[in-house]
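Undergrad: Structure: start-v9.txt, compact mmCIF, C-alpha atoms.
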# COMPACT_ATOMS: atom_id res chain seq x y z
CA ARG A 24 60.37 -37.87 96.18
CA LYS A 25 57.57 -38.25 93.64
CA GLU A 26 57.32 -41.60 91.89
CA VAL A 27 57.51 -40.04 88.43
CA GLU A 28 59.05 -36.67 87.81
CA GLN A 29 59.30 -34.64 84.64
CA ASP A 30 60.93 -31.43 83.49
CA PRO A 31 58.76 -28.67 84.91
CA GLY A 32 58.51 -26.69 81.69
CA PRO A 33 56.89 -24.93 79.98
CA PHE A 34 58.99 -25.26 76.88
CA ASN A 35 58.52 -22.53 74.28
CA VAL A 36 60.37 -23.35 71.08
CA PRO A 37 60.31 -22.04 67.50
CA GLU A 38 59.07 -24.16 64.65
CA GLY A 39 61.72 -26.52 63.38
CA ALA A 40 63.53 -26.74 66.70
CA THR A 41 64.55 -29.96 68.41
CA VAL A 42 63.28 -30.37 71.94
CA ALA A 43 63.95 -33.05 74.53
CA PHE A 44 61.88 -34.01 77.55
CA ASN A 45 63.17 -35.96 80.51
CA CYS A 46 61.41 -38.19 82.97
CA THR A 47 62.71 -40.08 86.00
CA TYR A 48 60.99 -42.78 88.01
CA SER A 49 61.72 -44.06 91.48
CA ASN A 50 60.50 -47.66 91.40
CA SER A 51 63.15 -49.91 89.91
CA ALA A 52 60.58 -52.68 89.51
CA SER A 53 58.61 -50.67 86.96
CA GLN A 54 57.94 -52.66 83.83
CA SER A 55 56.35 -50.59 81.10
CA PHE A 56 56.90 -47.03 80.00
CA PHE A 57 54.98 -44.75 77.70
CA TRP A 58 54.77 -41.20 76.47
CA TYR A 59 51.33 -39.66 76.06
CA ARG A 60 50.32 -36.28 74.77
CA GLN A 61 47.36 -34.36 76.10
CA ASP A 62 45.81 -31.40 74.38
CA CYS A 63 43.98 -28.82 76.42
CA ARG A 64 40.68 -30.15 77.80
CA LYS A 65 41.11 -33.46 75.99
CA GLU A 66 41.97 -36.98 77.05
CA PRO A 67 45.58 -38.24 76.86
CA LYS A 68 46.53 -40.03 73.68
CA LEU A 69 49.30 -42.59 73.44
CA LEU A 70 52.29 -41.20 71.61
CA MET A 71 54.65 -44.13 71.87
CA SER A 72 55.89 -46.94 74.03
CA VAL A 73 59.42 -46.77 75.37
CA TYR A 74 61.81 -49.70 75.14
CA SER A 75 65.35 -50.22 76.36
CA SER A 76 66.45 -50.52 72.77
CA GLY A 77 64.94 -47.16 71.95
CA ASN A 78 61.91 -46.44 69.84
CA GLU A 79 61.63 -44.08 66.90
CA ASP A 80 58.49 -42.98 65.10
CA GLY A 81 59.05 -40.30 62.52
CA ARG A 82 60.19 -37.14 64.27
CA PHE A 83 59.81 -38.70 67.72
CA THR A 84 62.42 -40.78 69.51
CA ALA A 85 62.01 -42.30 72.95
CA GLN A 86 64.75 -43.82 75.06
CA LEU A 87 64.78 -45.79 78.29
CA ASN A 88 67.74 -46.14 80.61
CA ARG A 89 66.82 -48.68 83.27
CA ALA A 90 70.08 -48.30 85.16
CA SER A 91 69.47 -44.59 85.66
CA GLN A 92 65.67 -44.98 85.81
CA TYR A 93 65.34 -42.34 83.18
CA ILE A 94 63.15 -41.91 80.11
CA SER A 95 63.48 -39.34 77.39
CA LEU A 96 61.47 -38.07 74.45
CA LEU A 97 63.09 -36.20 71.59
CA ILE A 98 61.05 -34.25 69.07
CA ARG A 99 62.83 -33.12 65.93
CA ASP A 100 61.67 -30.45 63.50
CA SER A 101 58.92 -29.24 65.83
CA LYS A 102 55.55 -28.39 64.30
CA LEU A 103 52.90 -26.06 65.61
CA SER A 104 50.68 -29.11 66.05
CA ASP A 105 53.15 -30.57 68.54
CA SER A 106 52.02 -28.00 71.10
CA ALA A 107 50.56 -30.03 73.97
CA THR A 108 51.38 -31.42 77.37
CA TYR A 109 53.56 -34.51 77.27
CA LEU A 110 52.99 -37.08 79.98
CA CYS A 111 55.43 -39.74 81.06
CA VAL A 112 53.68 -42.91 82.25
CA VAL A 113 55.21 -45.75 84.23
CA THR A 114 53.50 -49.00 85.14
CA GLY A 115 54.20 -52.05 87.24
CA THR A 116 53.62 -55.61 86.18
CA SER A 117 50.15 -56.33 84.88
CA TYR A 118 49.22 -52.71 85.29
CA ASP A 119 48.90 -53.11 89.03
CA LYS A 120 50.33 -49.67 89.44
CA VAL A 121 50.00 -46.89 86.91
CA ILE A 122 51.70 -43.60 87.56
CA PHE A 123 51.44 -40.48 85.46
CA GLY A 124 54.09 -37.83 85.60
CA PRO A 125 52.96 -34.24 86.11
CA GLY A 126 53.49 -33.47 82.44
CA THR A 127 55.62 -31.01 80.54
CA SER A 128 53.96 -28.31 78.50
CA LEU A 129 55.30 -27.57 75.03
CA SER A 130 54.41 -24.55 72.93
CA VAL A 131 55.78 -24.39 69.41
CA ILE A 132 55.88 -20.82 68.20
CA PRO A 133 55.66 -19.72 64.55
CA GLY B 11 43.93 -48.58 67.76
CA ALA B 12 41.37 -49.60 70.32
CA VAL B 13 38.43 -47.30 70.98
CA VAL B 14 37.06 -46.35 74.38
CA SER B 15 33.91 -44.29 74.72
CA GLN B 16 32.52 -42.38 77.66
CA HIS B 17 29.07 -41.06 78.34
CA PRO B 18 28.06 -38.39 79.05
CA SER B 19 30.75 -36.07 77.77
CA TRP B 20 29.65 -33.34 80.13
CA VAL B 21 27.14 -32.98 82.92
CA ILE B 22 25.94 -30.21 85.17
CA CYS B 23 24.07 -31.16 88.31
CA LYS B 24 22.89 -29.76 91.59
CA SER B 25 24.76 -30.41 94.80
CA GLY B 26 23.56 -33.59 96.49
CA THR B 27 22.60 -35.49 93.35
CA SER B 28 24.32 -38.59 92.04
CA VAL B 29 25.91 -38.82 88.63
CA LYS B 30 26.71 -41.98 86.70
CA ILE B 31 29.45 -42.06 84.06
CA GLU B 32 29.80 -44.96 81.65
CA CYS B 33 32.98 -46.21 80.08
CA ARG B 34 32.86 -48.69 77.22
CA SER B 35 35.49 -50.51 75.23
CA LEU B 36 33.98 -50.59 71.76
CA ASP B 37 35.98 -53.15 69.85
CA PHE B 38 37.78 -55.17 72.47
CA GLN B 39 37.23 -56.76 75.83
CA ALA B 40 38.78 -55.10 78.82
CA THR B 41 39.13 -57.04 82.03
CA THR B 42 40.66 -53.99 83.63
CA MET B 43 39.64 -50.38 83.31
CA PHE B 44 40.90 -47.36 85.16
CA TRP B 45 39.23 -44.22 86.40
CA TYR B 46 41.12 -40.96 86.64
CA ARG B 47 40.31 -37.48 87.75
CA GLN B 48 42.02 -34.35 86.51
CA PHE B 49 41.67 -30.88 87.98
CA PRO B 50 42.57 -27.84 85.87
CA LYS B 51 46.27 -27.53 85.11
CA GLN B 52 47.05 -30.69 87.04
CA SER B 53 48.03 -34.15 85.93
CA LEU B 54 45.76 -37.17 85.92
CA MET B 55 45.24 -38.78 89.27
CA LEU B 56 44.32 -42.45 89.34
CA MET B 57 41.20 -42.94 91.42
CA ALA B 58 40.61 -46.65 91.12
CA THR B 59 41.22 -49.77 89.12
CA SER B 60 38.05 -51.45 87.94
CA ASN B 61 38.19 -55.22 87.61
CA GLU B 62 35.52 -57.15 85.75
CA GLY B 63 33.57 -59.37 88.09
CA SER B 64 35.24 -58.19 91.28
CA LYS B 65 35.51 -55.17 93.51
CA ALA B 66 37.39 -52.12 92.38
CA THR B 67 40.72 -51.24 93.92
CA TYR B 68 40.74 -47.66 95.17
CA GLU B 69 43.76 -45.43 95.53
CA GLN B 70 44.58 -43.96 98.88
CA GLY B 71 42.40 -41.00 99.72
CA VAL B 72 39.58 -41.94 97.33
CA GLU B 73 36.32 -42.71 99.13
CA LYS B 74 34.88 -45.93 97.79
CA ASP B 75 31.44 -45.15 99.17
CA LYS B 76 31.38 -41.86 97.33
CA PHE B 77 32.79 -43.07 94.03
CA LEU B 78 30.98 -46.31 93.26
CA ILE B 79 32.51 -48.42 90.52
CA ASN B 80 30.80 -51.31 88.80
CA HIS B 81 32.47 -53.41 86.12
CA ALA B 82 29.66 -55.76 85.22
CA SER B 83 30.90 -56.84 81.81
CA LEU B 84 34.09 -57.02 79.81
CA THR B 85 33.13 -53.90 77.87
CA LEU B 86 31.50 -51.66 80.46
CA SER B 87 32.56 -49.98 83.67
CA THR B 88 30.53 -47.32 85.44
CA LEU B 89 31.54 -44.68 87.95
CA THR B 90 28.83 -43.16 90.10
CA VAL B 91 29.61 -39.99 92.01
CA THR B 92 27.19 -40.11 94.91
CA SER B 93 25.89 -36.98 96.59
CA ALA B 94 28.07 -34.80 94.43
CA HIS B 95 29.37 -31.52 95.79
CA PRO B 96 31.06 -28.59 94.04
CA GLU B 97 34.50 -29.87 95.03
CA ASP B 98 33.77 -32.99 92.94
CA SER B 99 33.66 -30.85 89.81
CA SER B 100 36.42 -32.19 87.62
CA PHE B 101 37.34 -33.98 84.41
CA TYR B 102 36.79 -37.71 84.84
CA ILE B 103 38.55 -39.99 82.38
CA CYS B 104 38.45 -43.74 82.03
CA SER B 105 40.91 -45.96 80.27
CA ALA B 106 41.26 -49.58 79.30
CA VAL B 107 44.19 -51.79 78.50
CA TYR B 108 43.96 -53.29 75.04
CA GLN B 109 47.23 -55.15 74.94
CA GLN B 110 49.75 -54.41 77.61
CA ALA B 111 52.50 -53.45 75.21
CA GLU B 112 50.22 -50.87 73.64
CA GLY B 113 49.45 -49.01 76.82
CA GLN B 114 46.14 -47.65 77.89
CA PHE B 115 43.49 -46.18 75.64
CA PHE B 116 41.49 -43.35 77.08
CA GLY B 117 37.91 -42.36 76.77
CA PRO B 118 37.19 -38.77 75.77
CA GLY B 119 36.43 -37.82 79.35
CA THR B 120 33.43 -36.47 81.20
CA ARG B 121 33.42 -32.93 82.48
CA LEU B 122 31.39 -32.75 85.66
CA THR B 123 30.22 -29.45 87.09
CA VAL B 124 28.37 -29.50 90.39
CA LEU B 125 26.50 -26.33 91.22
Could you render the structure from this file as structure tokens?
TA:
Amino acid sequence: RKEVEQDPGPFNVPEGATVAFNCTYSNSASQSFFWYRQDCRKEPKLLMSVYSSGNEDGRFTAQLNRASQYISLLIRDSKLSDSATYLCVVTGTSYDKVIFGPGTSLSVIP
Amino acid sequence: GAVVSQHPSWVICKSGTSVKIECRSLDFQATTMFWYRQFPKQSLMLMATSNEGSKATYEQGVEKDKFLINHASLTLSTLTVTSAHPEDSSFYICSAVYQQAEGQFFGPGTRLTVL
């Protein structure tokens, strides 16, 4: 089993749609969790951190369920500019272990 | 947010030559930097963790003698691809931790093509 797994995608959604991405991780000792987005041929950019209490930033909501070892990202009212690959990132303590998920591709269609 | 730069942004070289890539944290000190490699349509793969003032920690399967990492200061880490071959052609990205709760900040990447 891979250490971090994500929905295989790709997701093709119309503008204005709500889309949810899922991510699971295998190491229960993982400490920090993040969602990044990566545009084609560009470096990943931090989208948001993920906390047990949930984290919302505008149209984006991230949730962490430690018991189920599951992370989610919800995007409401999708925009064309949201088209990218979304990467789930899990780290150990003090960044001694950083694992990127394989990514989920999103295409928002006019 | 914190800014990380990389140089060069792209390089083309002949097989057998060595290529050095620099990664700099511009407005903060980074005791730890990371080097990743990404092949087309694949996710980032961590190559090594670069620690200021000590040896880098390499991931399994990454040859430390081929990918030389030097982290001589709190703002600079370098990756040297020695005797590069076409299979080393890839997108190399570095990152640094600004504050742990804020995650990693990535450099813009270096696209290496070995002919």
Undergrad: Given a cut-off of 9 Å, which residues of chain A touch chain B, counting all atoms listed in the file, written out as JSON, numbers by chain?
TA: {"A": [55, 56, 57, 64, 65, 66, 67, 68, 69, 71, 72, 110, 117, 118, 119, 121, 122, 123, 124, 125, 126]}
Undergrad: For CA of Asn50 in chain A and CA of Phe77 in chain B, determine how far apart the two atoms are, in Å to one decimal place.
TA: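 Computing the Euclidean distance for CA of Asn50 in chain A and CA of Phe77 in chain B yields 28.2 Å.
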Undergrad: Which residue gives the smallest distance to Asp80 in chain A among A:Asp62, A:Arg99, A:Ser51, A:Gly32, with all atoms listed in the file counted?
TA: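 Selected residue with least distance to Asp80 in chain A: A:Arg99.
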Undergrad: Between CA of Cys23 in chain B and CA of Leu125 in chain B, what is the distance in Å, rounded to a tenth?
TA: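 Result for CA of Cys23 in chain B versus CA of Leu125 in chain B: 6.1 Å, one decimal.
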Undergrad: What's around Arg82 in chain A at 12 Å? Count all atoms listed in the file, leave out sequence neighbours fewer than 3 positions away in its own chain, and write the answer as a PyMOL selection string.
TA: chain A and resi 39-43+70-71+78-79+85+96-102+105
Undergrad: Can you tell me which residues surround Leu89 in chain B at a distance of at most 7 Å, considering only C-alpha atoms, apart from same-chain residues fewer than 6 positions away, and format the answer as a PyMOL selection string?
TA: chain B and resi 30-32+77-80
Undergrad: Return the single residue from A:Asn45, A:Thr114, A:Ser106, A:Gln29 that is closest to Arg60 in chain A, with distances computed using all atoms listed in the file.
TA: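 Result for the nearest residue to Arg60 in chain A: A:Ser106.
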Undergrad: Which is closer to Glu26 in chain A than all the others in A:Leu87, A:Cys46, A:Leu103, A:Leu129, using all atoms listed in the file?
TA: A:Cys46
Undergrad: When you count only C-alpha atoms, which of these residues is closest to Ser15 in chain B: B:Ser60, B:Ser28, B:Ser87, B:Ser99?
TA: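 Among the listed residues, the smallest separation from Ser15 in chain B belongs to B:Ser87.
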Undergrad: Just checking: using all atoms listed in the file, which residue out of B:Thr41, B:Thr27, B:Ser19, B:Thr123 ends up closest to Thr90 in chain B?
TA: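 Among B:Thr41, B:Thr27, B:Ser19, B:Thr123, it is B:Thr27 that comes nearest to Thr90 in chain B.
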Undergrad: Take CA of Thr108 in chain A and CA of Tyr108 in chain B and report the distance between them in Å, one decimal.
TA: 23.2 Å
Undergrad: Find the residues near Tyr109 in chain A: any atom within 7 Å, counting all atoms listed in the file, skip ones fewer than 3 places away on the same chain, and give them as a list in words.
TA: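 Counting only the stated atoms, we get Trp58, Tyr59, Arg60, Gln61, Gly126, Thr127 and Ser128 of chain A.
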Undergrad: Determine the nearest neighbour of Cys63 in chain A from the options A:Phe44, A:Ser76, A:Tyr93, A:Ala107, counting only C-alpha atoms.
TA: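 With only C-alpha atoms as the atom set, the closest residue is A:Ala107.
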